[in-house]
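So the structure is just underneath, and the comments pick up after that.
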Amino acid sequence: MAENAAISATDTSGGGAPTPMMAQYIEIKAANADSLLFYRMGDFYELFFEDAAVAARALGIALTKRGKHLGQDIPMAGVPVVSADEYLAKLISLGHRVAVCEQVEDPAEAKKRGGKSVVRRDVVRLVTPGTITEEALLEPGRPNHVAAMARLGGANGAFAIAWAELSTGAFAVRSTEAGRLLADIRAIDPAELVVGDALFHDEALKPVFASLGRLARPEPASLFDGATAEGRLARFFDVATMGGFGDFARAELAAAAGLLAYLARTQVAARPPLGRLARVETGETMLIDPATRASLELTRSVAGRREGSLLGAVDRTVTGAGSRLLAARIANPLAKAAAIARRHDAVSFLLAERRLGDALRAGLKGLPDGERALSRVALGRGGPRDLGALRTFLEGARETAAVLAGAEALTHELGEAAGQLRALPGDLEAELSRTLGDDLPLQKRDGGFVAAGAIPDLDEARSLRDESRRVIMELQATYAAETGIRSLKIKHNNVLGYFIEVAEAQAGALNGTEEARRRFFHRQTMANCMRFSTGELADLESRIAAAAATALKLELDAFERLVVLVCEAAAPIRDAAQALAVLDVSAALADLASAENWTRPLVDDSLAFRIEGGRHPVVEAALKSGSGDPFVPNDCDLSGEAGSHRGGAIWLVTGPNMGGKSTFLRQNALIAVLAQAGSFVPAATAHLGTVDRLFSRVGASDDLAEGRSTFMVEMVETAAILNQAGPRSLVILDEIGRGTSTYDGLSIAFAAVEHLHEVNRCRALFATHFHEMTALSARLDRLSNATMRVKEWQGDVVFLHEVRPGTADRSYGIQVAKLAGLPPRVVTRARDVLRQLERSGEGRRAAFVDDLPLFSAAASRQEPAAPAEPPAAVEALKSLDLDALSPREALDALYRLKAMT
């Protein structure tokens with residue numbers, strides 16, 4: 001109350017100093033200039049000046065004003081503390097950072113200092129997109145990574161990216177290079193990327209940061225100091241050297257130390273609860289560039305939603321941690337056959353042992369998110385419900401370990417998970433179960449979370465507190481009987497404490513006589529009632545307050561003791577959470593394979609790519625939930641001479657629009673992703689040599705912000721493929737060259753296929769409407785023609801969605817246009833024009849086969865025909881002396897010219 005008054009008492013002349021309250025605010029805001037400042041005042045977080053205007057617009061809350069500063073009104077906006085999470089979520093989603101400023105001193109201490117002293121406040125946390133931990137702000141099934149990038153050695157130095165998830169404690173790092181920076185960042189999918197300011201403004205990296213937009217932000221280069229990086233990391237993990245964690249490159253240490261410094265800055269006094277730093281080896285995972293990742297919609301659809309993506313179609317996990325792990329596996333498929341086989345073994349085992357798989361899923365379903373509860377507790381943001389979540393999590397982990405103990409011959413991955421569950425300390429679960437009650441409050445300050453009987457002194461204090469409350473009710477009845485006022489009530493508020501309240505007309509019974517006044521003394525007069533107290537009521541209030549304070553202190557002490565025990569067991573808890581996630585994913589994939597008739601793929605180190613009866617997982621799922629029509633399966637064999645130096649094969653796929661070419665291309669890429677992520681695949685059989693790099697150029701888009709047309713984007717993405725693909729790559733290309741003129745487009749498509757065949761020597765699917773290109777199969781021995789089957793029926797086209805060897809004779813574009821609803825007149829005219837063009841183009845295919853010119857017409861331009869006789873109208877126009885013509889003569893000449901044409 002006093003502090004609110006301090007704000008309104010700011011100088012109104014424009015020349016005086018700010019009040020102590022506003023001086024405190026200005027000082028704290030200056031130290032956090034790049035963040036919105038949530039300034040705690042009682043039950044609200046207040047924002048002032050420009051922060052208030054920004055927050056009011058973003059949150060749709062009222063912008064008010066209070067007091068003046070330098071002669072100007074002070075804009076103000078506020079949000080209730082109890083509902084701050086929902087406002088934080090909106091601000092973070094809009095790209096804002098928020099500095100949370102709390103009272104760090106008891107108001108009573110400020111009063112002791114006297115004068116105009118205000119309660120001390122300080123920023124206790126910076127809330128940024130990558131550092132949120134609140135359950136209400138996080139998606140259960142989606143990781144929330146914060147990443148840091150470093151480079152050592154100047155412009156040509158080595159790059160590294162470190163990333164962590166503060167809500168789970170995951171911490172990893174990897175080396176990278178300039179050419180794959182964006183691909184590696186998108187694979188991590190961070191909510192926030194921090195970079196040294198000098199590196200952030202490097203001209204050569206401008207396209208990378210432009211593509212990332214507001215995800216990337218500069219931080220002081222001192223955070224990434226390579227000379228001190230290892231020492232800073234070693235001190236954090238309390239070890240003498242980082243050598244025991246792995247063999248890290250200097251750039252990797254710099255990136256990891258920079259990220260650690262950033263987390264320390266945002267968490268202020270709280271120590272980030274991170275696990276061991278893990279190093280991801282180059283070549284461990286399939287490289288998927290950003291365009292391919294977006295094109296294939298691996299974890300999010302083009303609309304940015306989970307629905308419609310590959311992850312959305314295959315995720316049958318029952319825990320948040322399992323869903324996050326599956327998302328990570330799909331985003332980063334493995335590239336080593338042995339590691340992939342271990343994941344397939346786990347799925348195969350649970351598919352064969354369905355009872356075990358069903359028991360695991362039943363036990364895991366509804367299990368709390370132990371990882372995230374642990375992180376909140378370790379950061380000092382946890383409450384009784386987080387401890388309760390850990391209690392339930394530990395119970396579930398113990399029960400899951402018991403289920404696995406009854407199974408024989410567990411696979412490597414399942415056995416490792418079982419071992420991690422057995423390593424959990426049983427005494428922690430027992431202590432949490434003994435201490436915590438059943439109905440837990442959200443905040444520890446509310447009390448009431450310790451079970452009855454857990455702490456004898458607490459039971460005694462609660463008994464005194466609760467007994468005193470019963471005495472209050474008895475005292476109320478006694479006073480009512482003494483005074484004859486049946487409506488007399490004993491009430492309580494934070495200002496007066498306990499008091500007796502009666503209607504003003506009845507107050508004479510309490511203050512009408514000297515004797516009554518000695519018994520009841522006046523406290524407060526309200527508009528329609530009066531309030532009194534007594535000596536025994538005041539004494540009872542003191543005893544109740546003391547008992548309540550004692551009870552709360554004992555509960556808070558118990559809470560802190562449990563927090564210490566949880567933090568001591570953080571490593572095994574985190575390992576167990578990961579083990580349960582592995583079990584969840586393996587059991588979910590087994591359930592998926594059983595329900596959808598998916599098969600185990602053979603993945604080895606060959607160059608094979610042979611799929612029989614392949615299906616598109618997302619389209620098939622959509623058909624089942626929609627029309628119910630079956631998906632038409634198709635084969636694909638890009639093996640070439642598997643294992644030889646010649647490399648993989650290329651299929652040139654022709655056929656009509658709407659015939660299913662793009663679906664066929666995508667489904668084979670998605671089958672490769674699923675197989676290497678460790679899943680079974682939607683196919684009758686599949687034999688895949690590991691794909692080290694996946695490239696997909698399907699669909700059209702522009703980049704207006706960068707001034708790039710659809711065709712320019714297409715060419716940039718195609719160039720990336722042709723410059724990077726190798727023998728172990730899988731390339732999916734659709735309609736290259738369609739964005740420019742026919743001759744130019746066919747020339748580019750022709751050259752691109754030849755380059756893929758002769759230089760990249762990769763496995764590839766190339767869909768095209770340039771039917772002239774099918775003649776390439778006569779010269780390129782590893783190129784095969786395939787086409788989408790269609791049937792014509794009474795002038796309409798029926799799409800069969802079957803892939804067969806051979807070529808399409810035409811594109812059926814007019815039939816598709818008719819299906820789209822073009823006016824009949826336009827369709828009829830288009831058919832007439834097509835017939836004329838086809839007659840004039842006869843013989844071109846034969847010439848194309850002979851010596852592979854693009855078009856015979858193009859070649860004919862090299863021999864110009866004799867000039868034709870100029871029309872009479874042209875000769876008449878040349879004879880006119882335009883400068884000598886009057887307006888009337890010019891009009892007459894125009895009529896004569898028109899008559900000649």
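Residue numbering restarts at 1 in every chain; chains get A, B, ... in the order shown in the structure tokens, and ligands count up from 1 in that same order.
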
Looking only at strand (DSSP E or B) from DSSP on the backbone, list the matching residues of segment 233-441 of chain A as an mmCIF file with N, CA and C atoms, in the first residue's frame.
data_model
loop_
_atom_site.group_PDB
_atom_site.id
_atom_site.type_symbol
_atom_site.label_atom_id
_atom_site.label_comp_id
_atom_site.auth_asym_id
_atom_site.auth_seq_id
_atom_site.Cartn_x
_atom_site.Cartn_y
_atom_site.Cartn_z
ATOM 1 N N ALA A 278 27.134 -34.477 -23.818
ATOM 2 C CA ALA A 278 27.294 -35.565 -24.783
ATOM 3 C C ALA A 278 27.782 -34.999 -26.111
ATOM 4 N N ARG A 279 28.677 -35.733 -26.763
ATOM 5 C CA ARG A 279 29.202 -35.301 -28.054
ATOM 6 C C ARG A 279 28.555 -36.127 -29.169
ATOM 7 N N THR A 285 24.262 -39.297 -37.814
ATOM 8 C CA THR A 285 22.872 -39.126 -38.214
ATOM 9 C C THR A 285 22.772 -38.712 -39.679
ATOM 10 N N LEU A 287 21.937 -36.477 -42.705
ATOM 11 C CA LEU A 287 21.871 -35.032 -42.904
ATOM 12 C C LEU A 287 20.652 -34.711 -43.760
ATOM 13 N N ILE A 288 19.792 -33.859 -43.241
ATOM 14 C CA ILE A 288 18.588 -33.443 -43.954
ATOM 15 C C ILE A 288 18.588 -31.924 -44.010
ATOM 16 N N LEU A 334 19.267 -42.097 -37.681
ATOM 17 C CA LEU A 334 20.633 -42.600 -37.584
ATOM 18 C C LEU A 334 21.202 -42.901 -38.966
ATOM 19 N N LEU A 436 4.716 -36.918 1.787
ATOM 20 C CA LEU A 436 3.712 -36.154 1.057
ATOM 21 C C LEU A 436 2.311 -36.713 1.245
#

Quick one: which segment 611-730 of chain A residues come within 9 Å of segment 814-825 of chain A, and what is the nearest atom pair for each with the distance in Å to one decimal, counting only C-alpha atoms, rows ordered by chain and ascending number, as JSON lines?
{"residue": "A:Pro656", "atom": "CA", "partner": "A:Val816", "partner_atom": "CA", "distance": 8.3}
{"residue": "A:Asn657", "atom": "CA", "partner": "A:Val816", "partner_atom": "CA", "distance": 7.0}
{"residue": "A:Met658", "atom": "CA", "partner": "A:Val816", "partner_atom": "CA", "distance": 7.4}

Atom CA of Ile132 of chain A to atom CA of Leu556 of chain A: how many Å, to one decimal?
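Atom CA of Leu556 of chain A lies at a distance of 24.9 Å from atom CA of Ile132 of chain A.
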
Let me make sure I understand: among A:Ala677, A:Leu537, A:Cys762, A:Leu424, which one has the smallest atom-to-atom distance to Ala339 of chain A if we use only C-alpha atoms?
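Comparing A:Ala677, A:Leu537, A:Cys762, A:Leu424 against Ala339 of chain A, the winner is A:Ala677.
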
Using only C-alpha atoms, find the one residue out of A:Ser533, A:Gln578, A:Ser594, A:Thr128 that sits nearest to Lys489 of chain A.
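Result for the nearest residue to Lys489 of chain A: A:Ser533.
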
Please list as a PyMOL selection string every residue within 10 Å of Arg543 of chain A, counting only C-alpha atoms and excluding residues in the same chain fewer than 6 positions away.
chain A and resi 464-465+468+537+549

Residue with smallest distance to Ile74 of chain A - pool A:Ala454, A:Ala52, A:Leu205, A:Val318, counting only C-alpha atoms
A:Ala52

Could you list, as an mmCIF file with C-alpha atoms, in the first residue's frame, every residue within 12 Å of Thr133 of chain A, counting only C-alpha atoms and ignoring same-chain residues fewer than 3 positions away?
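And here's around01.cif as it stands now:
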data_model
loop_
_atom_site.group_PDB
_atom_site.id
_atom_site.type_symbol
_atom_site.label_atom_id
_atom_site.label_comp_id
_atom_site.auth_asym_id
_atom_site.auth_seq_id
_atom_site.Cartn_x
_atom_site.Cartn_y
_atom_site.Cartn_z
ATOM 1 C CA ASP A 85 2.062 -17.925 -16.855
ATOM 2 C CA LEU A 88 4.275 -15.027 -20.254
ATOM 3 C CA ALA A 89 3.349 -17.695 -22.802
ATOM 4 C CA ARG A 125 15.136 -14.809 -13.851
ATOM 5 C CA LEU A 126 15.141 -13.917 -17.533
ATOM 6 C CA VAL A 127 12.383 -15.766 -19.368
ATOM 7 C CA THR A 128 13.336 -16.446 -22.998
ATOM 8 C CA PRO A 129 11.889 -18.825 -25.604
ATOM 9 C CA GLY A 130 14.557 -21.452 -24.982
ATOM 10 C CA ALA A 136 1.807 -24.497 -18.678
ATOM 11 C CA LEU A 137 4.239 -22.932 -21.180
ATOM 12 C CA LEU A 138 5.632 -26.146 -22.677
ATOM 13 C CA GLU A 139 4.187 -28.660 -25.127
ATOM 14 C CA PRO A 140 4.457 -32.088 -23.467
ATOM 15 C CA PRO A 143 11.498 -30.542 -26.978
ATOM 16 C CA ASN A 144 12.326 -26.945 -26.112
ATOM 17 C CA HIS A 145 15.986 -26.503 -26.977
ATOM 18 C CA VAL A 146 18.198 -23.488 -26.493
ATOM 19 C CA GLU A 165 16.860 -28.453 -22.858
ATOM 20 C CA LEU A 166 16.542 -26.703 -19.542
ATOM 21 C CA SER A 167 13.266 -28.455 -18.807
ATOM 22 C CA THR A 168 14.866 -31.931 -18.969
ATOM 23 C CA GLY A 169 18.600 -31.383 -18.427
ATOM 24 C CA GLN A 267 18.647 -18.238 -14.481
ATOM 25 C CA PRO A 272 20.989 -24.955 -14.553
ATOM 26 C CA PRO A 273 20.248 -28.660 -13.870
ATOM 27 C CA GLU A 371 12.309 -35.064 -16.373
ATOM 28 C CA ARG A 372 10.510 -31.744 -16.355
ATOM 29 C CA ALA A 373 9.352 -32.028 -12.751
ATOM 30 C CA LEU A 374 12.963 -32.708 -11.738
ATOM 31 C CA SER A 375 14.226 -29.619 -13.565
ATOM 32 C CA ARG A 376 11.646 -27.342 -11.971
ATOM 33 C CA VAL A 377 12.543 -28.652 -8.511
ATOM 34 C CA ALA A 378 16.280 -28.238 -9.172
ATOM 35 C CA LEU A 379 15.790 -24.669 -10.407
ATOM 36 C CA GLY A 380 13.818 -23.701 -7.302
ATOM 37 C CA ARG A 381 10.581 -23.319 -9.305
ATOM 38 C CA GLY A 382 9.008 -26.554 -8.193
#

With only C-alpha atoms as the basis for distance, which of A:Ala720, A:Ala507, A:Ala593, A:Ala669 is at the shortest distance from Ala291 of chain A?
A:Ala720

Quick one: residues within 10 Å of Asp358 of chain A, only C-alpha atoms counted, chain neighbours fewer than 4 positions away excluded, as a PyMOL selection string?
chain A and resi 350-351+353-354+362-364+587-588+590-591

Got time to write the residues from that selection, C-alpha atoms, as an mmCIF file, in the first residue's frame?
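As a result, out_27.cif now contains:
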data_model
loop_
_atom_site.group_PDB
_atom_site.id
_atom_site.type_symbol
_atom_site.label_atom_id
_atom_site.label_comp_id
_atom_site.auth_asym_id
_atom_site.auth_seq_id
_atom_site.Cartn_x
_atom_site.Cartn_y
_atom_site.Cartn_z
ATOM 1 C CA LEU A 350 7.957 -56.173 -28.247
ATOM 2 C CA LEU A 351 6.050 -57.033 -31.419
ATOM 3 C CA GLU A 353 5.967 -60.273 -26.952
ATOM 4 C CA ARG A 354 2.672 -58.423 -27.263
ATOM 5 C CA ALA A 362 -0.557 -49.643 -19.686
ATOM 6 C CA GLY A 363 1.951 -48.886 -16.931
ATOM 7 C CA LEU A 364 3.438 -45.875 -18.703
ATOM 8 C CA ALA A 587 6.361 -50.238 -27.462
ATOM 9 C CA ALA A 588 4.526 -47.551 -29.447
ATOM 10 C CA ALA A 590 5.562 -52.139 -32.066
ATOM 11 C CA ASP A 591 1.897 -51.256 -31.583
#

Between A:Phe631, A:Phe521, A:Tyr25, A:Phe48, which is the closest to Glu501 of chain A once you count only C-alpha atoms?
A:Phe521

Using only C-alpha atoms, which residues sit within 9 Å of Val119 of chain A once same-chain residues fewer than 5 positions away are excluded, as a list of chain:residue names?
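Selected residues are A:Glu3, A:Met21, A:Gln103, A:Val104, A:Glu105, A:Asp106, A:Pro107, A:Ala108, A:Glu109, A:Ala110, A:Lys111.
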
Selected residues, C-alpha atoms, written as a PDB file, in the first residue's frame, please.
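Generated file (again_24.pdb):
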ATOM      1  CA  GLU A   3       4.703   1.558  -2.212  1.00  0.00           C
ATOM      2  CA  MET A  21      10.111   3.358  -5.972  1.00  0.00           C
ATOM      3  CA  GLN A 103      10.720  -8.754  -3.866  1.00  0.00           C
ATOM      4  CA  VAL A 104      13.857 -10.183  -2.290  1.00  0.00           C
ATOM      5  CA  GLU A 105      13.229  -8.723   1.162  1.00  0.00           C
ATOM      6  CA  ASP A 106      10.512  -8.964   3.781  1.00  0.00           C
ATOM      7  CA  PRO A 107       8.493  -5.681   3.815  1.00  0.00           C
ATOM      8  CA  ALA A 108       8.975  -5.586   7.577  1.00  0.00           C
ATOM      9  CA  GLU A 109      12.715  -5.201   7.061  1.00  0.00           C
ATOM     10  CA  ALA A 110      12.148  -2.221   4.761  1.00  0.00           C
ATOM     11  CA  LYS A 111      10.000  -0.577   7.419  1.00  0.00           C
TER      12      LYS A 111
END

Measure the distance from atom CA of Arg120 of chain A to atom CA of Leu59 of chain A in Å and round it to one decimal.
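Between atom CA of Arg120 of chain A and atom CA of Leu59 of chain A the gap is 27.8 Å.
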
Looking at A:Val81, A:Ala270, A:Ala150, A:Leu233, which one is nearest to Ala221 of chain A, with distances taken over only C-alpha atoms?
A:Ala150

Based on the backbone DSSP call, show me all residues of segment 104-150 of chain A assigned helix (DSSP H, G or I), as an NGL selection string.
:A and (107-113 or 135-137)

Quick one: write out the picked residues with N, CA and C atoms as a PDB file, in the first residue's frame?
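Contents of selection-v6.pdb, as written:
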ATOM      1  N   PRO A 107       8.885  -7.088   3.639  1.00  0.00           N
ATOM      2  CA  PRO A 107       8.493  -5.681   3.815  1.00  0.00           C
ATOM      3  C   PRO A 107       8.752  -5.148   5.220  1.00  0.00           C
ATOM      4  N   ALA A 108       8.715  -6.036   6.194  1.00  0.00           N
ATOM      5  CA  ALA A 108       8.975  -5.586   7.577  1.00  0.00           C
ATOM      6  C   ALA A 108      10.395  -5.064   7.720  1.00  0.00           C
ATOM      7  N   GLU A 109      11.334  -5.667   6.993  1.00  0.00           N
ATOM      8  CA  GLU A 109      12.715  -5.201   7.061  1.00  0.00           C
ATOM      9  C   GLU A 109      12.846  -3.817   6.446  1.00  0.00           C
ATOM     10  N   ALA A 110      12.102  -3.557   5.375  1.00  0.00           N
ATOM     11  CA  ALA A 110      12.148  -2.221   4.761  1.00  0.00           C
ATOM     12  C   ALA A 110      11.612  -1.168   5.719  1.00  0.00           C
ATOM     13  N   LYS A 111      10.569  -1.527   6.458  1.00  0.00           N
ATOM     14  CA  LYS A 111      10.000  -0.577   7.419  1.00  0.00           C
ATOM     15  C   LYS A 111      10.998  -0.216   8.505  1.00  0.00           C
ATOM     16  N   LYS A 112      11.840  -1.200   8.898  1.00  0.00           N
ATOM     17  CA  LYS A 112      12.825  -0.944   9.951  1.00  0.00           C
ATOM     18  C   LYS A 112      13.827   0.119   9.525  1.00  0.00           C
ATOM     19  N   ARG A 113      14.087   0.188   8.200  1.00  0.00           N
ATOM     20  CA  ARG A 113      15.055   1.187   7.738  1.00  0.00           C
ATOM     21  C   ARG A 113      14.478   2.588   7.789  1.00  0.00           C
ATOM     22  N   GLU A 135       5.256 -25.887 -16.725  1.00  0.00           N
ATOM     23  CA  GLU A 135       4.457 -26.905 -17.412  1.00  0.00           C
ATOM     24  C   GLU A 135       3.424 -26.266 -18.335  1.00  0.00           C
ATOM     25  N   ALA A 136       2.850 -25.145 -17.892  1.00  0.00           N
ATOM     26  CA  ALA A 136       1.807 -24.497 -18.678  1.00  0.00           C
ATOM     27  C   ALA A 136       2.348 -23.861 -19.960  1.00  0.00           C
ATOM     28  N   LEU A 137       3.655 -23.604 -20.017  1.00  0.00           N
ATOM     29  CA  LEU A 137       4.239 -22.932 -21.180  1.00  0.00           C
ATOM     30  C   LEU A 137       4.858 -23.896 -22.171  1.00  0.00           C
TER      31      LEU A 137
END
